[in-house]
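Visitor: Just passing along the structure, written as structure tokens.
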Amino acid sequence: MRALLEKIAAEGEVVAGGVLKVDRFLNHQVDPHLMKRIGEEFADQFRGERPTKVLTLESSGISPALMTAYELGVPLVVARKRRPLTMTGEVYRAEVYSFTKQEANEIVVSRSLLDGFDRVLIIDDFLANGQAALGMVEVVRQAGAAVVGIGIVIEKAFQDGGRLLRSRGFRVVSLARIASLADGVIRFHEEVMN
Ligand code: G4P
Ligand code: NA
Ligand code: NA
């Protein structure tokens, strides 16, 4: 997605340890116009799968996921990392191991929000090792629902997540694929910038 690649090239910063900082439009400050276009693109890509819900994980997945749900005309479900006081009923839960933080966290979704009739589109801001996406897949599995696709804003194609998810048969659509962040330079996988 050209507008996204241009934004990453213009405003993305490589920080230590192969991490791409996009705090000016995605992770801290958020560009609503770009999020709207991202939502339109994911909706176009997945509309044919007739999703009934969009699922993301708090917090940074929410902006693109909300615009996607809006475009598709379906609810957004936000998996929580800490069980809120108000989440009193039964929950689906999955362990998510973060390689970046070297810690395991639980994600929870109320059982009242997903059931066996749902067709779930998973949306997230980053795909690195794929553990967050796999945690969401596990929640959907527990609900007896179907994963109809996985939409990722920025895939770090030099990490294993994309291969892992695609090898399990999931349709993964990434709007930007980063081939390398070596030497502090952002290199894209396919599309070439002018
Ligand atoms: P994984 O889910 O793909 O296995 O990723 P990993 O454990 O490595 O990453 C943990 C967190 O770091 C996730 O956010 C993920 O989105 C984010 N992340 C991974 N690589 C990058 C990167 O290069 N740049 C940025 N900006 N983020 C990256 P999180 O901890 O769940 O936090 P948040 O959603 O509340 O921001
Ligand atoms: Na994040
Ligand atoms: Na995220």
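Quick note on naming: the chains in the structure tokens go A, B, ... in the order shown, residues restart at 1 in each chain, and ligands are numbered from 1 in order of appearance.
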Using only C-alpha atoms and all ligand atoms, which residues have at least one atom no more than 7 Å from ligand 1? Output them as a count of residues only.
Guide: 27
Visitor: What's around Val14 in chain A at 12 Å? Count only C-alpha atoms, leave out sequence neighbours fewer than 5 positions away in its own chain, and write the answer as a ChimeraX atom specification.
Guide: /A:8-9,19-23,178,180-187
Visitor: Which residues, written as an MDAnalysis selection string, have at least one atom at most 10 Å from Glu138 in chain A, with only C-alpha atoms counted and residues fewer than 3 positions away on the same chain left out?
Guide: chainID A and resid 92:96 132:135 141:144 147
Visitor: Suppose we keep C-alpha atoms; can you now write the selection as a PDB file, in the first residue's frame?
Guide:
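Below you can see again-v4.pdb, which holds the result:
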```pdb
ATOM      1  CA  TYR A  92     -11.519 -17.397  26.470  1.00  0.00           C
ATOM      2  CA  ARG A  93      -7.851 -17.078  27.321  1.00  0.00           C
ATOM      3  CA  ALA A  94      -4.549 -17.744  25.571  1.00  0.00           C
ATOM      4  CA  GLU A  95      -0.901 -17.414  26.470  1.00  0.00           C
ATOM      5  CA  VAL A  96       1.138 -15.053  24.325  1.00  0.00           C
ATOM      6  CA  ALA A 132       0.141 -12.291  19.301  1.00  0.00           C
ATOM      7  CA  ALA A 133      -1.674 -13.459  16.168  1.00  0.00           C
ATOM      8  CA  LEU A 134      -1.430 -17.098  17.290  1.00  0.00           C
ATOM      9  CA  GLY A 135      -2.915 -16.127  20.656  1.00  0.00           C
ATOM     10  CA  ARG A 141     -10.582 -21.724  18.103  1.00  0.00           C
ATOM     11  CA  GLN A 142     -11.905 -21.898  21.672  1.00  0.00           C
ATOM     12  CA  ALA A 143     -15.045 -20.101  20.522  1.00  0.00           C
ATOM     13  CA  GLY A 144     -15.530 -22.670  17.764  1.00  0.00           C
ATOM     14  CA  VAL A 147     -10.509 -17.322  11.230  1.00  0.00           C
TER      15      VAL A 147
END
```
Visitor: List the spatial neighbours of Leu175 in chain A as a list in words - criterion: any atom at most 7 Å away, only C-alpha atoms, same-chain residues fewer than 3 positions off excluded.
Guide: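 Once the nearby chain positions are removed, what remains is Met1, Ile152, Val153 and Ile154 of chain A.
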Visitor: Could you write out the selected residues, including C-alpha atoms, as a short mmCIF file (atom, residue, chain, number, x, y, z; two decimals), in the first residue's frame?
Guide:
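Output (again.cif):
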```cif
data_model
loop_
_atom_site.label_atom_id
_atom_site.label_comp_id
_atom_site.auth_asym_id
_atom_site.auth_seq_id
_atom_site.Cartn_x
_atom_site.Cartn_y
_atom_site.Cartn_z
CA MET A 1 0.00 0.00 0.00
CA ILE A 152 -1.24 -6.86 9.26
CA VAL A 153 -0.24 -3.25 8.83
CA ILE A 154 3.54 -3.81 8.99
#
```
Visitor: Let me make sure I understand: among A:Ser167, A:Thr56, A:Ser63, A:Thr88, which one has the smallest atom-to-atom distance to Ile107 in chain A if we use only C-alpha atoms?
Guide: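 That would be A:Thr56, the residue with the smallest distance to Ile107 in chain A.
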Visitor: Rank nothing, just name the residue among A:Arg2, A:His28, A:Arg163, A:Arg50 nearest to Ala146 in chain A, using only C-alpha atoms.
Guide: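 Under the stated criterion, the closest residue is A:Arg50.
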Visitor: Pick out each residue of chain A that DSSP on the backbone tags as strand (DSSP E); I need them as number ranges by chain.
Guide: A: 13-15, 19-21, 53-57, 76-79, 91-98, 103-110, 119-127, 146-156, 172-180, 187-188
Visitor: What does the distance between CA of Val137 in chain A and CA of Glu71 in chain A come to in Å, to one decimal place?
Guide: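 Interatomic distance here is 22.2 Å.
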Visitor: Using only C-alpha atoms, I'd like a table of the residues in range 90-139 of chain A that come within 9 Å of range 148-151 of chain A; for each, show the closest atom pair and its distance in Å rounded to one decimal, ordered by chain and ascending number, as JSON lines.
Guide:
```
{"residue": "A:Arg119", "atom": "CA", "partner": "A:Val148", "partner_atom": "CA", "distance": 6.0}
{"residue": "A:Val120", "atom": "CA", "partner": "A:Val148", "partner_atom": "CA", "distance": 5.7}
{"residue": "A:Leu121", "atom": "CA", "partner": "A:Gly149", "partner_atom": "CA", "distance": 5.2}
{"residue": "A:Ile122", "atom": "CA", "partner": "A:Ile150", "partner_atom": "CA", "distance": 4.7}
{"residue": "A:Ile123", "atom": "CA", "partner": "A:Gly151", "partner_atom": "CA", "distance": 4.7}
{"residue": "A:Asp124", "atom": "CA", "partner": "A:Gly151", "partner_atom": "CA", "distance": 6.6}
{"residue": "A:Asp125", "atom": "CA", "partner": "A:Gly151", "partner_atom": "CA", "distance": 8.6}
{"residue": "A:Ala133", "atom": "CA", "partner": "A:Ile150", "partner_atom": "CA", "distance": 8.0}
```
Visitor: Keeping only C-alpha atoms, write the selected residues to a file as an mmCIF file, in the first residue's frame.
Guide:
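New file part06.cif:
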```
data_model
loop_
_atom_site.group_PDB
_atom_site.id
_atom_site.type_symbol
_atom_site.label_atom_id
_atom_site.label_comp_id
_atom_site.auth_asym_id
_atom_site.auth_seq_id
_atom_site.Cartn_x
_atom_site.Cartn_y
_atom_site.Cartn_z
ATOM 1 C CA ARG A 119 -16.213 -15.546 10.972
ATOM 2 C CA VAL A 120 -13.333 -13.607 12.431
ATOM 3 C CA LEU A 121 -10.878 -11.290 10.705
ATOM 4 C CA ILE A 122 -7.771 -10.756 12.860
ATOM 5 C CA ILE A 123 -6.070 -7.358 12.497
ATOM 6 C CA ASP A 124 -2.832 -6.201 14.126
ATOM 7 C CA ASP A 125 -0.357 -3.372 13.697
ATOM 8 C CA ALA A 133 -1.674 -13.459 16.168
#
```
Visitor: For each of A:Glu103, A:Leu26, A:Met136, A:Gly48, take the minimum atom-to-atom distance to ligand 2, counting only C-alpha atoms and all ligand atoms, then give the residue where this is smallest.
Guide: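 Nearest to ligand 2: A:Leu26.
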Visitor: Would you kindly return, as an NGL selection string, each protein, DNA or RNA residue with an atom no farther than 6 Å from any atom of Asp118 in chain A, considering only C-alpha atoms and excluding same-chain residues fewer than 3 positions away?
Guide: :A and (52 or 115 or 145)
Visitor: Atoms to include: C-alpha atoms. Write the selected residues as a tab-separated table (two decimals), in the first residue's frame.
Guide:
```
chain	number	residue	atom	x	y	z
A	52	THR	CA	-18.84	-11.14	11.14
A	115	ASP	CA	-19.46	-17.94	19.21
A	145	ALA	CA	-15.44	-19.78	15.29
```
Visitor: Would you compute the distance between CA of Glu155 in chain A and CA of Phe25 in chain A? Give it in Å to one decimal.
Guide: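 About the pair CA of Glu155 in chain A and CA of Phe25 in chain A: they are 16.0 Å apart.
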Visitor: Taking only range 32-151 of chain A into account, list the residues labelled alpha helix (DSSP H) by DSSP (computed from the backbone), as a ChimeraX atom specification.
Guide: /A:32-46,62-72,131-143
Visitor: Could you tell me which of A:Ala16, A:Ala157, A:Val74, A:Ile62 comes closest to ligand 2 if we count only C-alpha atoms and all ligand atoms?
Guide: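 Closest residue, counting only C-alpha atoms and all ligand atoms: A:Ile62.
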